[in-house]
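Below: one structure, written as structure tokens.
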Amino acid sequence: MGTASVLSLEEFRQARCQAEARQRLHKHFDRWLEEVEGRVKEQPPTLAQVAQVVFEMRQELVGQVTQRVVEQRHGQTLRQDRAICPRCGRVLAARGPVRRTVETLVGAVALERPYFYCVPCQKGFSPLDAALELLPQRKQGDIQKAAAQLAAEVPYDTAAELFQELTGVGLSDHTVHEVVDELTGG
């Protein structure tokens with residue numbers, strides 16, 4: 001007889017969450033594809049027409065994929081109901097979940113995560129934000145780095161226009177200027 005494998009409760013939960021996440025992604029992909037097909041008007045369309053519609057809509061799909069992978073890989077942190085205050089060591093109960101949306105080059109990622117606040121220290125934090133190394137700004141490091149690289153080559157207003165054209169992510173010239181100042185310490 002072979003050895004029986006025992007599945008822990010956490011492994012079972014993780015497998016179930018992964019299956020549910022994949023199912024939600026498949027449904028989201030089907031809706032996304034239907035929308036792409038609905039927006040391609042020419043019959044038959046050229047490759048450039050199809051590519052333009054997919055390019056315009058890609059961040060919605062890839063952002064959702066990113067969000068689901070984060071939810072799957074950080075499930076334990078997302079279900080966390082207690083945390084230790086990093087300043088005073090008190091055990092804190094979760095508040096929330098609190099929603100935060102961040103933007104990356106692959107799209108927006110909406111996170112529903114536990115939030116902890118220590119009243120005596122007047123300090124709030126989210127362990128998921130730390131685990132993902134999120135910046136306090138909505139636009140995350142990949143966007144900031146790419147915008148700064150572009151701004152090093154052309155004026156800020158041109159950088160903002162080119163950035164939108166090339167990535168599909170909108171930035172104002174003011175934001176590009178702030179990003180460059182922050183990254184260069186200027």
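Ordering of the structure tokens sets the chain letters (A, B, ...), residue numbers begin anew at 1 in every chain, and ligands are numbered from 1 in the order given.
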Env of A:Cys118: 7 Å cut, atoms = only C-alpha atoms, seq-sep filter 4 positions within chain, self excluded. Answer as an mmCIF file with N, CA and C atoms, in the first residue's frame.
data_model
loop_
_atom_site.group_PDB
_atom_site.id
_atom_site.type_symbol
_atom_site.label_atom_id
_atom_site.label_comp_id
_atom_site.auth_asym_id
_atom_site.auth_seq_id
_atom_site.Cartn_x
_atom_site.Cartn_y
_atom_site.Cartn_z
ATOM 1 N N CYS A 85 1.893 46.162 16.868
ATOM 2 C CA CYS A 85 2.286 47.537 16.560
ATOM 3 C C CYS A 85 3.813 47.584 16.468
ATOM 4 N N LEU A 92 -2.874 44.405 18.065
ATOM 5 C CA LEU A 92 -3.945 45.222 17.508
ATOM 6 C C LEU A 92 -4.930 44.349 16.741
ATOM 7 N N GLN A 122 -0.698 56.522 17.639
ATOM 8 C CA GLN A 122 -1.294 57.273 16.529
ATOM 9 C C GLN A 122 -0.624 56.892 15.202
ATOM 10 N N LYS A 123 -0.499 55.582 15.013
ATOM 11 C CA LYS A 123 0.175 55.044 13.834
ATOM 12 C C LYS A 123 -0.691 53.953 13.219
ATOM 13 N N GLY A 124 -0.959 54.083 11.932
ATOM 14 C CA GLY A 124 -1.713 53.071 11.210
ATOM 15 C C GLY A 124 -0.838 52.388 10.179
#
From a DSSP calculation on the backbone, collect every residue of stretch 14-102 of chain A in helix (DSSP H, G or I) and output the set as a PyMOL selection string. chain A and resi 14-39+47-73+75-78
Long-range neighbours of stretch 32-47 of chain A as a list in words, 10 Å cut-off, only C-alpha atoms, 3 positions minimum in chain: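 These residues fall inside the cut-off: His26, Lys27, His28, Phe29, Val50, Ala51, Gln52, Val53, Val54, Glu56, Met57, Arg58, Glu60 and Leu61 of chain A.
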How many Å separate atom CA of A:Glu161 from atom CA of A:Arg100?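 So the answer is 26.5 Å.
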Mind dumping a table of every stretch 56-112 of chain A residue within 9 Å of stretch 126-138 of chain A, with the nearest atom pair and its distance in Å to one decimal, using only C-alpha atoms, sorted by chain and rising number, as CSV?
residue,atom,partner,partner_atom,distance
A:Val70,CA,A:Leu132,CA,8.6
A:His74,CA,A:Leu128,CA,7.6
A:Thr77,CA,A:Leu128,CA,6.1
A:Leu78,CA,A:Leu128,CA,6.9
A:Gln80,CA,A:Pro127,CA,8.6
A:Ala83,CA,A:Pro127,CA,8.1
A:Arg100,CA,A:Arg138,CA,8.6
A:Thr101,CA,A:Arg138,CA,6.9
A:Val102,CA,A:Arg138,CA,4.7
A:Glu103,CA,A:Arg138,CA,5.9
A:Thr104,CA,A:Arg138,CA,8.8
A:Leu111,CA,A:Leu128,CA,8.9
Residue selection dump (N, CA and C atoms) as an mmCIF file, in the first residue's frame:
data_model
loop_
_atom_site.group_PDB
_atom_site.id
_atom_site.type_symbol
_atom_site.label_atom_id
_atom_site.label_comp_id
_atom_site.auth_asym_id
_atom_site.auth_seq_id
_atom_site.Cartn_x
_atom_site.Cartn_y
_atom_site.Cartn_z
ATOM 1 N N VAL A 70 -2.007 38.493 -6.532
ATOM 2 C CA VAL A 70 -1.733 39.063 -5.207
ATOM 3 C C VAL A 70 -2.672 38.445 -4.175
ATOM 4 N N HIS A 74 -1.021 36.186 -1.287
ATOM 5 C CA HIS A 74 -0.992 36.890 -0.005
ATOM 6 C C HIS A 74 -2.288 36.660 0.781
ATOM 7 N N THR A 77 -2.124 37.048 4.610
ATOM 8 C CA THR A 77 -2.023 38.446 5.029
ATOM 9 C C THR A 77 -3.367 39.150 4.848
ATOM 10 N N LEU A 78 -4.092 38.807 3.800
ATOM 11 C CA LEU A 78 -5.402 39.417 3.560
ATOM 12 C C LEU A 78 -6.437 38.986 4.592
ATOM 13 N N GLN A 80 -5.579 38.305 7.755
ATOM 14 C CA GLN A 80 -4.979 38.600 9.057
ATOM 15 C C GLN A 80 -5.937 39.434 9.908
ATOM 16 N N ALA A 83 -2.304 42.039 14.526
ATOM 17 C CA ALA A 83 -0.940 42.441 14.172
ATOM 18 C C ALA A 83 -0.311 43.114 15.378
ATOM 19 N N ARG A 100 -7.814 50.000 -1.158
ATOM 20 C CA ARG A 100 -6.799 50.885 -1.721
ATOM 21 C C ARG A 100 -6.542 50.443 -3.148
ATOM 22 N N THR A 101 -6.558 51.393 -4.063
ATOM 23 C CA THR A 101 -6.253 51.099 -5.455
ATOM 24 C C THR A 101 -4.927 51.751 -5.805
ATOM 25 N N VAL A 102 -4.042 50.958 -6.368
ATOM 26 C CA VAL A 102 -2.751 51.457 -6.825
ATOM 27 C C VAL A 102 -2.660 51.232 -8.325
ATOM 28 N N GLU A 103 -1.830 52.026 -8.974
ATOM 29 C CA GLU A 103 -1.658 51.904 -10.418
ATOM 30 C C GLU A 103 -0.238 51.461 -10.727
ATOM 31 N N THR A 104 -0.137 50.495 -11.647
ATOM 32 C CA THR A 104 1.144 49.999 -12.121
ATOM 33 C C THR A 104 1.130 50.058 -13.644
ATOM 34 N N LEU A 111 -7.079 46.657 -3.860
ATOM 35 C CA LEU A 111 -6.776 45.762 -2.744
ATOM 36 C C LEU A 111 -7.738 46.027 -1.591
#
Residues of stretch 24-139 of chain A classed as strand (DSSP E or B) by DSSP on the backbone are to be reported as a VMD selection string. chain A and resid 82 to 84 91 to 93 95 to 104 107 to 118 123 to 125 139
Report, in Å to a single decimal, how far apart atom CA of A:Leu183 and atom CA of A:Leu166 are.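 That distance, rounded to one decimal, is 21.3 Å.
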For A:Arg95, find every residue with an atom within 7 Å (counting only C-alpha atoms), except residues of its own chain fewer than 5 positions away, and show them as a ChimeraX atom specification. /A:114-116
Dump as a compact mmCIF listing (two decimals), in the first residue's frame, selection limited to C-alpha atoms:
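Output file result16.txt is given in full below:
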# COMPACT_ATOMS: atom_id res chain seq x y z
CA PRO A 114 -6.88 44.62 6.79
CA TYR A 115 -5.75 47.85 8.35
CA PHE A 116 -4.37 48.25 11.86
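Residues surrounding A:Val180 within 12 Å are Gly141, Ile143, Gln144, Lys145, Ala146, Ala147, Ala148, Gln149, Leu150, Ala151, Ala152, Glu153, Pro155, Tyr156, Ala159, Asp173, His174, Thr175, Gly185 and Gly186 of chain A [only C-alpha atoms; sequence separation below 5 positions excluded].
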Could you save those same residues with N, CA and C atoms as a compact mmCIF listing (two decimals), in the first residue's frame?
# COMPACT_ATOMS: atom_id res chain seq x y z
N GLY A 141 6.09 52.34 -8.21
CA GLY A 141 7.46 52.53 -8.62
C GLY A 141 7.74 52.26 -10.08
N ILE A 143 5.82 52.78 -12.64
CA ILE A 143 5.36 53.95 -13.38
C ILE A 143 6.31 55.12 -13.14
N GLN A 144 6.67 55.32 -11.89
CA GLN A 144 7.55 56.44 -11.55
C GLN A 144 8.90 56.32 -12.25
N LYS A 145 9.46 55.13 -12.24
CA LYS A 145 10.76 54.92 -12.86
C LYS A 145 10.70 55.18 -14.37
N ALA A 146 9.67 54.64 -15.03
CA ALA A 146 9.54 54.82 -16.47
C ALA A 146 9.30 56.30 -16.82
N ALA A 147 8.49 56.98 -16.03
CA ALA A 147 8.23 58.40 -16.28
C ALA A 147 9.50 59.23 -16.10
N ALA A 148 10.27 58.92 -15.08
CA ALA A 148 11.52 59.65 -14.83
C ALA A 148 12.52 59.42 -15.96
N GLN A 149 12.60 58.19 -16.46
CA GLN A 149 13.51 57.91 -17.57
C GLN A 149 13.12 58.69 -18.81
N LEU A 150 11.83 58.78 -19.07
CA LEU A 150 11.35 59.53 -20.22
C LEU A 150 11.60 61.02 -20.02
N ALA A 151 11.35 61.52 -18.82
CA ALA A 151 11.53 62.94 -18.52
C ALA A 151 12.99 63.36 -18.57
N ALA A 152 13.89 62.42 -18.43
CA ALA A 152 15.32 62.74 -18.54
C ALA A 152 15.71 63.06 -19.98
N GLU A 153 14.85 62.65 -20.92
CA GLU A 153 15.17 62.81 -22.34
C GLU A 153 14.41 63.95 -23.01
N PRO A 155 11.18 67.31 -22.45
CA PRO A 155 10.50 68.17 -21.47
C PRO A 155 9.33 67.44 -20.80
N TYR A 156 8.97 67.89 -19.60
CA TYR A 156 7.94 67.22 -18.81
C TYR A 156 6.62 67.08 -19.54
N ALA A 159 7.05 64.45 -22.11
CA ALA A 159 7.17 63.16 -21.42
C ALA A 159 5.79 62.63 -21.03
N ASP A 173 1.96 66.59 -16.63
CA ASP A 173 3.35 67.04 -16.61
C ASP A 173 3.77 67.42 -15.18
N HIS A 174 2.81 67.87 -14.37
CA HIS A 174 3.08 68.18 -12.96
C HIS A 174 3.48 66.91 -12.20
N THR A 175 2.77 65.82 -12.43
CA THR A 175 3.11 64.55 -11.79
C THR A 175 4.49 64.07 -12.22
N GLY A 185 15.79 63.51 -5.54
CA GLY A 185 16.05 64.24 -4.30
C GLY A 185 16.07 65.75 -4.50
N GLY A 186 15.51 66.20 -5.63
CA GLY A 186 15.55 67.61 -5.96
C GLY A 186 14.31 68.27 -5.58
Please report the interatomic distance between atom CA of A:Ser172 and atom CA of A:Val65 in Å with one decimal.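 So the answer is 26.6 Å.
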Would you please work out which residue, of A:Ala94, A:Glu112, A:Phe55, A:Gly107, is nearest to A:Glu165 when using only C-alpha atoms? A:Phe55
